[in-house]
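Okay, data32.txt is below, compact mmCIF, C-alpha atoms:
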```txt
# COMPACT_ATOMS: atom_id res chain seq x y z
CA MET X 1 -5.50 -6.00 4.17
CA THR X 2 -8.91 -7.01 5.39
CA ALA X 3 -9.89 -5.91 8.86
CA PRO X 4 -10.15 -8.71 11.41
CA SER X 5 -13.73 -9.63 12.13
CA SER X 6 -13.36 -9.32 15.90
CA ASP X 7 -11.17 -7.42 18.35
CA GLN X 8 -8.94 -10.43 18.82
CA TRP X 9 -6.38 -11.47 16.24
CA PRO X 10 -6.37 -15.11 15.12
CA LEU X 11 -4.49 -17.65 17.19
CA TRP X 12 -1.44 -19.40 15.74
CA GLU X 13 0.26 -22.57 16.97
CA VAL X 14 4.03 -22.34 17.18
CA PHE X 15 6.45 -25.20 16.49
CA THR X 16 10.16 -24.72 17.14
CA GLN X 17 13.10 -26.86 16.13
CA PRO X 18 15.89 -27.09 18.73
CA PRO X 19 19.50 -26.48 17.61
CA GLY X 20 20.33 -30.22 17.84
CA GLY X 21 18.30 -30.99 14.73
CA GLU X 22 15.42 -32.76 16.48
CA PRO X 23 11.99 -32.52 14.85
CA HIS X 24 9.88 -29.40 15.39
CA GLN X 25 7.98 -29.49 18.65
CA HIS X 26 4.92 -27.60 19.79
CA ALA X 27 6.11 -24.60 21.83
CA GLY X 28 2.85 -22.73 22.46
CA SER X 29 0.65 -20.23 20.70
CA VAL X 30 0.54 -16.52 19.83
CA HIS X 31 -2.00 -14.04 18.50
CA ALA X 32 -1.11 -12.27 15.26
CA PRO X 33 -2.89 -10.57 12.33
CA ASP X 34 -1.10 -12.66 9.70
CA ALA X 35 1.58 -15.29 9.12
CA GLU X 36 4.61 -12.94 8.99
CA MET X 37 3.66 -11.25 12.26
CA ALA X 38 2.89 -14.65 13.80
CA LEU X 39 6.43 -15.71 12.90
CA GLN X 40 7.87 -12.56 14.50
CA ASN X 41 5.72 -12.88 17.62
CA ALA X 42 6.72 -16.53 17.92
CA ARG X 43 10.38 -15.55 17.63
CA ASP X 44 10.00 -12.93 20.36
CA THR X 45 7.99 -15.18 22.65
CA TYR X 46 9.58 -18.61 22.24
CA ALA X 47 12.94 -18.33 20.50
CA ARG X 48 14.78 -15.26 21.68
CA ARG X 49 17.42 -17.04 23.73
CA GLY X 50 18.73 -19.47 21.16
CA GLU X 51 16.10 -22.13 21.79
CA ALA X 52 15.38 -22.68 18.11
CA VAL X 53 16.92 -22.72 14.66
CA SER X 54 13.62 -22.93 12.80
CA ILE X 55 10.02 -21.93 13.52
CA TRP X 56 6.76 -23.06 11.98
CA VAL X 57 3.49 -21.27 12.61
CA VAL X 58 0.09 -22.52 11.58
CA GLN X 59 -3.26 -20.94 12.24
CA SER X 60 -4.91 -22.88 15.04
CA SER X 61 -8.16 -23.15 13.11
CA ALA X 62 -6.32 -25.13 10.41
CA ILE X 63 -5.64 -27.97 12.82
CA THR X 64 -8.10 -30.82 13.00
CA ALA X 65 -7.85 -32.48 16.40
CA SER X 66 -9.37 -35.53 17.98
CA SER X 67 -11.78 -34.68 20.74
CA PRO X 68 -11.43 -35.84 24.35
CA GLU X 69 -14.63 -37.92 24.04
CA ASP X 70 -12.98 -39.93 21.28
CA ARG X 71 -10.27 -41.06 23.62
CA GLY X 72 -11.72 -44.53 24.25
CA PRO X 73 -12.84 -45.47 20.75
CA PHE X 74 -9.80 -43.85 19.14
CA PHE X 75 -6.96 -45.09 21.21
CA ASP X 76 -7.94 -48.09 23.33
CA PRO X 77 -8.99 -50.85 20.92
CA GLY X 78 -5.50 -51.99 20.12
CA ASN X 79 -4.48 -52.64 23.68
CA ASP X 80 -6.50 -55.79 24.45
CA LYS X 81 -5.91 -57.40 21.07
CA PRO X 82 -2.20 -58.11 20.93
CA TYR X 83 -2.59 -59.93 17.62
CA ARG X 84 -3.21 -56.54 16.01
CA HIS X 85 0.40 -55.58 16.62
CA PRO X 86 3.05 -56.87 14.22
CA GLN X 87 5.24 -57.82 17.17
CA PHE X 88 2.66 -60.53 18.07
CA TYR X 89 3.81 -62.73 15.23
CA LYS X 90 7.01 -64.68 15.47
CA VAL X 91 8.84 -64.59 12.18
CA PRO X 92 11.25 -67.45 11.52
CA ARG X 93 14.84 -66.39 11.54
CA GLY X 94 15.99 -65.45 8.06
CA GLY X 95 12.47 -65.58 6.65
CA GLY X 96 11.50 -62.00 7.27
CA SER X 97 12.63 -60.32 4.14
CA GLU X 98 12.13 -61.83 0.75
CA MET W 1 38.89 19.08 23.78
CA THR W 2 37.60 15.53 24.18
CA PRO W 3 39.03 12.84 21.90
CA PRO W 4 36.92 12.52 18.72
CA LEU W 5 36.42 8.79 19.18
CA PHE W 6 35.04 9.34 22.70
CA GLU W 7 32.64 11.91 21.32
CA TYR W 8 31.55 9.63 18.47
CA LEU W 9 30.98 6.66 20.80
CA LEU W 10 28.80 8.83 23.02
CA ARG W 11 26.66 9.63 19.97
CA LEU W 12 26.25 5.95 19.14
CA GLY W 13 25.63 4.97 22.77
CA ASP W 14 23.29 7.83 23.65
CA ASP W 15 21.07 7.29 20.57
CA ARG W 16 20.46 3.73 21.72
CA LEU W 17 20.23 4.46 25.43
CA VAL W 18 17.59 7.15 24.94
CA LEU W 19 15.59 5.30 22.28
CA GLY W 20 15.80 2.10 24.34
CA HIS W 21 14.39 3.96 27.33
CA ARG W 22 11.55 5.39 25.24
CA LEU W 23 10.69 1.87 24.05
CA SER W 24 10.85 0.52 27.61
CA GLU W 25 8.06 2.94 28.53
CA TRP W 26 5.74 0.62 26.58
CA CYS W 27 6.42 -2.26 28.95
CA GLY W 28 3.04 -3.27 30.33
CA HIS W 29 1.27 -0.83 27.98
CA GLY W 30 1.72 -2.56 24.63
CA PRO W 31 -1.32 -2.79 22.34
CA ILE W 32 -1.33 -6.57 22.70
CA LEU W 33 0.68 -8.99 24.85
CA GLU W 34 2.83 -10.27 21.98
CA GLU W 35 3.79 -6.74 20.89
CA ASP W 36 4.47 -5.76 24.49
CA ILE W 37 7.04 -8.56 24.62
CA ALA W 38 8.47 -7.63 21.22
CA THR W 39 8.86 -3.97 22.18
CA ALA W 40 10.58 -4.88 25.43
CA ASN W 41 12.95 -7.13 23.47
CA LEU W 42 13.84 -4.30 21.10
CA SER W 43 14.43 -2.05 24.08
CA LEU W 44 16.74 -4.58 25.74
CA ASP W 45 18.71 -5.00 22.52
CA LEU W 46 19.21 -1.23 22.29
CA LEU W 47 20.24 -0.98 25.96
CA GLY W 48 22.72 -3.79 25.37
CA GLN W 49 24.18 -1.94 22.40
CA ALA W 50 24.34 1.29 24.41
CA THR W 51 26.18 -0.57 27.18
CA LEU W 52 28.86 -1.74 24.74
CA PHE W 53 29.31 1.63 23.01
CA LEU W 54 29.43 3.56 26.31
CA ARG W 55 31.81 1.06 27.90
CA LEU W 56 34.19 1.49 24.99
CA ALA W 57 33.71 5.28 25.27
CA GLY W 58 34.78 5.11 28.92
CA GLN W 59 37.86 3.08 27.99
CA VAL W 60 38.78 5.52 25.23
CA GLU W 61 38.34 8.47 27.58
CA GLY W 62 40.57 6.82 30.16
CA SER W 63 39.30 8.73 33.19
CA GLY W 64 37.81 5.73 34.95
CA ARG W 65 34.20 6.31 33.90
CA ASP W 66 32.32 3.12 33.01
CA GLU W 67 29.05 2.75 31.09
CA ASP W 68 26.96 3.31 34.23
CA ALA W 69 28.79 6.50 35.14
CA LEU W 70 28.22 7.78 31.59
CA ALA W 71 24.54 6.76 31.50
CA TYR W 72 23.50 7.95 34.95
CA TRP W 73 25.84 10.77 35.92
CA ARG W 74 25.86 13.01 32.87
CA ASP W 75 23.37 15.85 32.57
CA GLU W 76 21.14 16.74 29.65
CA ASN W 77 23.63 19.04 27.90
CA GLN W 78 26.25 16.26 28.00
CA PHE W 79 24.05 13.83 26.08
CA ARG W 80 24.91 13.51 22.39
CA ASN W 81 21.85 11.71 21.05
CA LEU W 82 19.69 12.76 18.10
CA GLN W 83 16.67 14.82 19.06
CA LEU W 84 14.59 12.36 17.05
CA VAL W 85 15.02 9.62 19.66
CA GLU W 86 14.20 11.74 22.72
CA LEU W 87 10.71 12.79 21.56
CA PRO W 88 7.98 11.29 23.77
CA ARG W 89 6.79 7.86 22.66
CA GLY W 90 3.40 9.13 21.43
CA ASP W 91 0.90 6.52 20.26
CA PHE W 92 1.92 3.12 18.91
CA GLY W 93 1.92 4.52 15.37
CA PHE W 94 4.40 7.24 16.33
CA THR W 95 6.65 4.76 18.15
CA THR W 96 6.53 2.39 15.17
CA MET W 97 7.24 5.05 12.56
CA ARG W 98 10.16 6.49 14.55
CA GLN W 99 11.54 3.00 15.05
CA PHE W 100 11.39 2.31 11.33
CA LEU W 101 13.13 5.58 10.38
CA PHE W 102 15.83 4.96 13.00
CA ASP W 103 16.24 1.25 12.20
CA ALA W 104 16.67 1.96 8.48
CA TRP W 105 19.34 4.58 9.28
CA SER W 106 21.01 2.28 11.81
CA PHE W 107 21.02 -0.55 9.28
CA HIS W 108 23.31 1.34 6.89
CA LEU W 109 25.40 3.05 9.56
CA LEU W 110 26.12 -0.15 11.53
CA GLU W 111 26.89 -2.08 8.37
CA ALA W 112 29.48 0.54 7.42
CA LEU W 113 30.85 0.73 10.98
CA SER W 114 31.35 -3.04 11.03
CA ARG W 115 34.15 -2.39 8.50
CA SER W 116 35.82 0.20 10.78
CA THR W 117 39.60 0.14 11.13
CA HIS W 118 39.01 0.24 14.92
CA ALA W 119 38.60 -3.45 15.80
CA GLY W 120 36.61 -2.87 19.00
CA LEU W 121 34.15 -0.55 17.31
CA ALA W 122 33.82 -2.87 14.31
CA ALA W 123 32.99 -5.85 16.57
CA ILE W 124 30.26 -3.99 18.47
CA ALA W 125 28.81 -2.63 15.23
CA ALA W 126 28.70 -6.13 13.70
CA LYS W 127 26.83 -7.52 16.71
CA ALA W 128 24.44 -4.56 16.74
CA HIS W 129 23.89 -4.85 13.00
CA LYS W 130 22.74 -8.44 13.41
CA GLU W 131 20.16 -7.38 16.00
CA ASN W 132 19.16 -4.35 13.98
CA ARG W 133 18.30 -6.45 10.93
CA TYR W 134 15.53 -8.04 12.96
CA HIS W 135 14.45 -4.66 14.37
CA LEU W 136 14.13 -3.28 10.85
CA ARG W 137 12.12 -6.26 9.71
CA HIS W 138 9.76 -5.85 12.67
CA SER W 139 9.26 -2.09 12.35
CA SER W 140 8.93 -2.07 8.56
CA GLU W 141 6.34 -4.87 8.61
CA TRP W 142 4.35 -2.83 11.13
CA VAL W 143 4.59 0.32 9.03
CA LEU W 144 3.16 -1.64 6.08
CA ARG W 145 0.29 -3.08 8.09
CA LEU W 146 -0.68 0.10 9.91
CA GLY W 147 -0.18 2.39 6.90
CA ASP W 148 -2.16 0.10 4.62
CA GLY W 149 -4.61 -0.90 7.36
CA THR W 150 -7.79 0.79 8.51
CA GLY W 151 -8.71 4.42 7.90
CA GLU W 152 -7.71 5.27 11.45
CA SER W 153 -4.39 3.44 11.44
CA HIS W 154 -3.51 5.04 8.09
CA ALA W 155 -4.31 8.52 9.40
CA ARG W 156 -2.26 7.98 12.54
CA MET W 157 0.74 6.70 10.60
CA GLN W 158 0.62 9.62 8.19
CA ALA W 159 0.38 12.05 11.12
CA ALA W 160 3.37 10.35 12.78
CA LEU W 161 5.41 10.51 9.57
CA ASP W 162 4.55 14.20 9.04
CA GLU W 163 5.59 15.00 12.60
CA LEU W 164 8.79 12.95 12.54
CA TRP W 165 10.07 13.83 9.08
CA PRO W 166 11.66 17.22 9.94
CA TRP W 167 13.65 15.54 12.73
CA THR W 168 15.32 13.12 10.32
CA GLY W 169 17.61 15.86 8.96
CA GLU W 170 19.82 15.37 12.00
CA LEU W 171 20.53 11.76 10.96
CA TRP W 172 22.97 13.23 8.43
CA TYR W 173 24.72 15.71 10.69
CA GLN W 174 28.52 15.56 10.46
CA ASP W 175 31.19 17.78 11.93
CA GLY W 176 34.90 17.82 12.75
CA VAL W 177 34.54 14.70 14.90
CA ASP W 178 33.41 12.70 11.87
CA ALA W 179 36.00 14.28 9.60
CA THR W 180 38.91 13.38 11.90
CA LEU W 181 37.75 9.79 12.34
CA ARG W 182 36.89 9.40 8.67
CA ALA W 183 40.45 10.24 7.70
CA ASP W 184 41.64 7.15 9.61
CA GLY W 185 38.87 4.91 8.26
CA VAL W 186 37.33 4.60 11.72
CA VAL W 187 33.88 5.83 10.67
CA PRO W 188 32.10 6.13 7.32
CA ASP W 189 31.00 9.22 5.44
CA LEU W 190 27.25 9.58 6.05
CA ASP W 191 26.50 11.32 2.75
CA PRO W 192 26.55 8.19 0.54
CA LEU W 193 24.40 6.37 3.11
CA ARG W 194 21.69 8.96 2.74
CA ALA W 195 20.71 7.80 -0.75
CA LEU W 196 20.43 4.21 0.53
CA TRP W 197 18.26 5.31 3.44
CA ASP W 198 16.10 7.48 1.18
CA ALA W 199 15.47 4.58 -1.17
CA MET W 200 14.60 2.20 1.68
CA ALA W 201 12.30 4.71 3.39
CA LYS W 202 10.55 5.65 0.14
CA GLU W 203 9.97 2.03 -0.79
CA VAL W 204 8.37 1.05 2.52
CA ILE W 205 6.42 4.30 2.88
CA SER W 206 4.93 4.07 -0.59
CA ARG W 207 4.04 0.39 -0.16
CA ALA W 208 2.35 1.42 3.09
CA THR W 209 0.24 3.84 0.95
CA LEU W 210 1.66 6.79 2.90
CA THR W 211 2.90 10.07 1.45
CA LEU W 212 6.45 11.27 1.95
CA PRO W 213 6.44 14.77 3.47
CA ARG W 214 8.30 17.52 1.61
CA GLY W 215 8.66 20.01 4.44
CA PRO W 216 11.95 21.57 5.56
CA MET W 217 14.28 19.90 8.05
CA ARG W 218 14.48 21.25 11.56
CA MET W 219 17.50 22.89 13.19
CA THR W 220 19.74 20.32 14.79
CA GLY W 221 21.70 20.37 17.98
CA GLY W 222 21.59 16.96 19.65
CA ARG W 223 25.19 16.13 18.77
CA ALA W 224 26.29 19.35 20.48
CA GLY W 225 24.22 18.71 23.61
CA ARG W 226 21.26 20.93 22.70
CA HIS W 227 18.02 19.08 23.27
CA THR W 228 14.26 19.46 23.32
CA GLU W 229 12.48 20.03 26.60
CA HIS W 230 11.61 16.31 26.65
CA LEU W 231 15.05 14.86 27.33
CA GLY W 232 15.45 16.43 30.77
CA HIS W 233 12.22 14.89 32.00
CA MET W 234 13.18 11.52 30.62
CA LEU W 235 16.65 11.62 32.21
CA ALA W 236 15.19 12.65 35.57
CA GLU W 237 13.17 9.44 35.59
CA MET W 238 15.93 7.29 34.12
CA GLN W 239 18.64 8.52 36.49
CA ILE W 240 16.86 9.03 39.79
CA VAL W 241 17.45 5.58 41.27
CA ALA W 242 21.16 5.55 40.43
CA ARG W 243 21.60 9.08 41.78
CA SER W 244 19.55 8.50 44.94
CA HIS W 245 21.57 5.41 45.85
CA PRO W 246 25.09 5.97 44.51
CA GLY W 247 27.04 2.76 44.15
CA ALA W 248 24.08 0.59 45.17
CA LYS W 249 24.26 -3.05 44.09
CA TRP W 250 21.37 -5.42 43.50
```
Do you think you could lay out the structure here as structure tokens?
Amino acid sequence: MTAPSSDQWPLWEVFTQPPGGEPHQHAGSVHAPDAEMALQNARDTYARRGEAVSIWVVQSSAITASSPEDRGPFFDPGNDKPYRHPQFYKVPRGGGSE
Amino acid sequence: MTPPLFEYLLRLGDDRLVLGHRLSEWCGHGPILEEDIATANLSLDLLGQATLFLRLAGQVEGSGRDEDALAYWRDENQFRNLQLVELPRGDFGFTTMRQFLFDAWSFHLLEALSRSTHAGLAAIAAKAHKENRYHLRHSSEWVLRLGDGTGESHARMQAALDELWPWTGELWYQDGVDATLRADGVVPDLDPLRALWDAMAKEVISRATLTLPRGPMRMTGGRAGRHTEHLGHMLAEMQIVARSHPGAKW
């Protein structure tokens, strides 16, 4: 094992799947030295009372996220141009699938 | 002469009550928040198992003692736990190594007990075995990481193993209580389990780059109520609230 470069272990994001079969959802995060311990810490922190049937962990640094400043350019442009949405176009009955 | 099954259930219950209390001493002192939570979870599992074993012990005894009476109103020489589990928690390496050695032993014992001819005992053992499988995974993964970690963590784990090893002889103690219950298929013979435990311990310890000690085993006495000087202090702390306020509810 290589020693961690700082005092703090890496951060891992935890995704848990509820017993009903819904998709995995973000539950929170844990610190851990490696993936196996991240899985165990996630189990002890977020899934000890039957909340989950499956857990994913991924190192937080592996996630590429949009930044808050991108909010306008990223997410707004569709809203004022309804013709960009497929629902804008009326398809004649029976002519939709060829 | 107490019934053998009562005596045996005290052994199972007291091992977990005392070890669970030792683990609970880490609450708020864990090396990192996540491990603090994990250690508290292990402790709660063990206390839950102790509750079930001691409750059944009280029913078998038939004198009206419940699990609380057995946990809080017996004195040191009436406790039947292994001396291994009453030793002070030490550093995190010591706690982890002890947990691994105990979990690996528990794994084989509980698995065998889940096939007991006593239905109540078999059901508790099966539930405890399920929890213990996670405990063993947690403690063995830590032994690997700390043993094969930094120079300091390796040295601490080796020191813990050297100190704990002589106390593991008591894991295999058997007497007339076992023999009587074994004849009825209530409990397993521990001798065949020893080879399984040895193999499991050797595998993890060598992968953790640690060296198995060869020293002699210590004298035993926990099953007969003879304990180290540490148990009395621990019980004083564990029992004082219940004894200061008998029958209190909260």
At most 8 Å to chain X: residues in chain W, all atoms listed in the file, as a list in words: Glu34, Glu35, Ile37, Ala38, Asn41, His138, Glu141, Arg145, Asp148, Gly149 and Thr150 of chain W
Nearby residues (all atoms listed in the file) at most 6 Å from W:Gly20, same-chain spacing under 4 positions excluded, as JSON, numbers by chain: {"W": [16, 43, 46, 47]}
Residue with smallest distance to W:Pro216 - pool W:Pro166, W:Gly30, W:Gly176, W:Pro192, counting only C-alpha atoms: W:Pro166
Shell of 10 Å around W:Leu56, only C-alpha atoms, local chain residues under 5 positions omitted, as a PyMOL selection string: chain W and resi 5-6+9-10+13+50-51+61-62+66-67+120-121+124
What are the centre and the three edge lengths of an axis-aligned box that wraps all atoms of stretch 41-46 of chain W in the file, given that 8 Å is added to every side, written as JSON and rounded to one decimal in Å?
```
{"center_x": 16.1, "center_y": -4.2, "center_z": 23.4, "size_x": 22.3, "size_y": 21.9, "size_z": 20.6}
```
Separation of atom CA of W:Ser114 from atom CA of W:Ala126 in Å: 4.9 Å
Interatomic distance (Å, one decimal) between atom CA of X:Leu11 and atom CA of W:Ile32: 12.8 Å
Counting only C-alpha atoms, the option among W:Arg226, W:Arg156, W:Arg194, W:Lys127 closest to W:Glu76: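 When distances to W:Glu76 are compared using only C-alpha atoms, the smallest one comes from W:Arg226.
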Between atom CA of W:Ala123 and atom CA of W:Leu54, distance in Å (one decimal):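 Here the two named atoms are 14.0 Å from each other.
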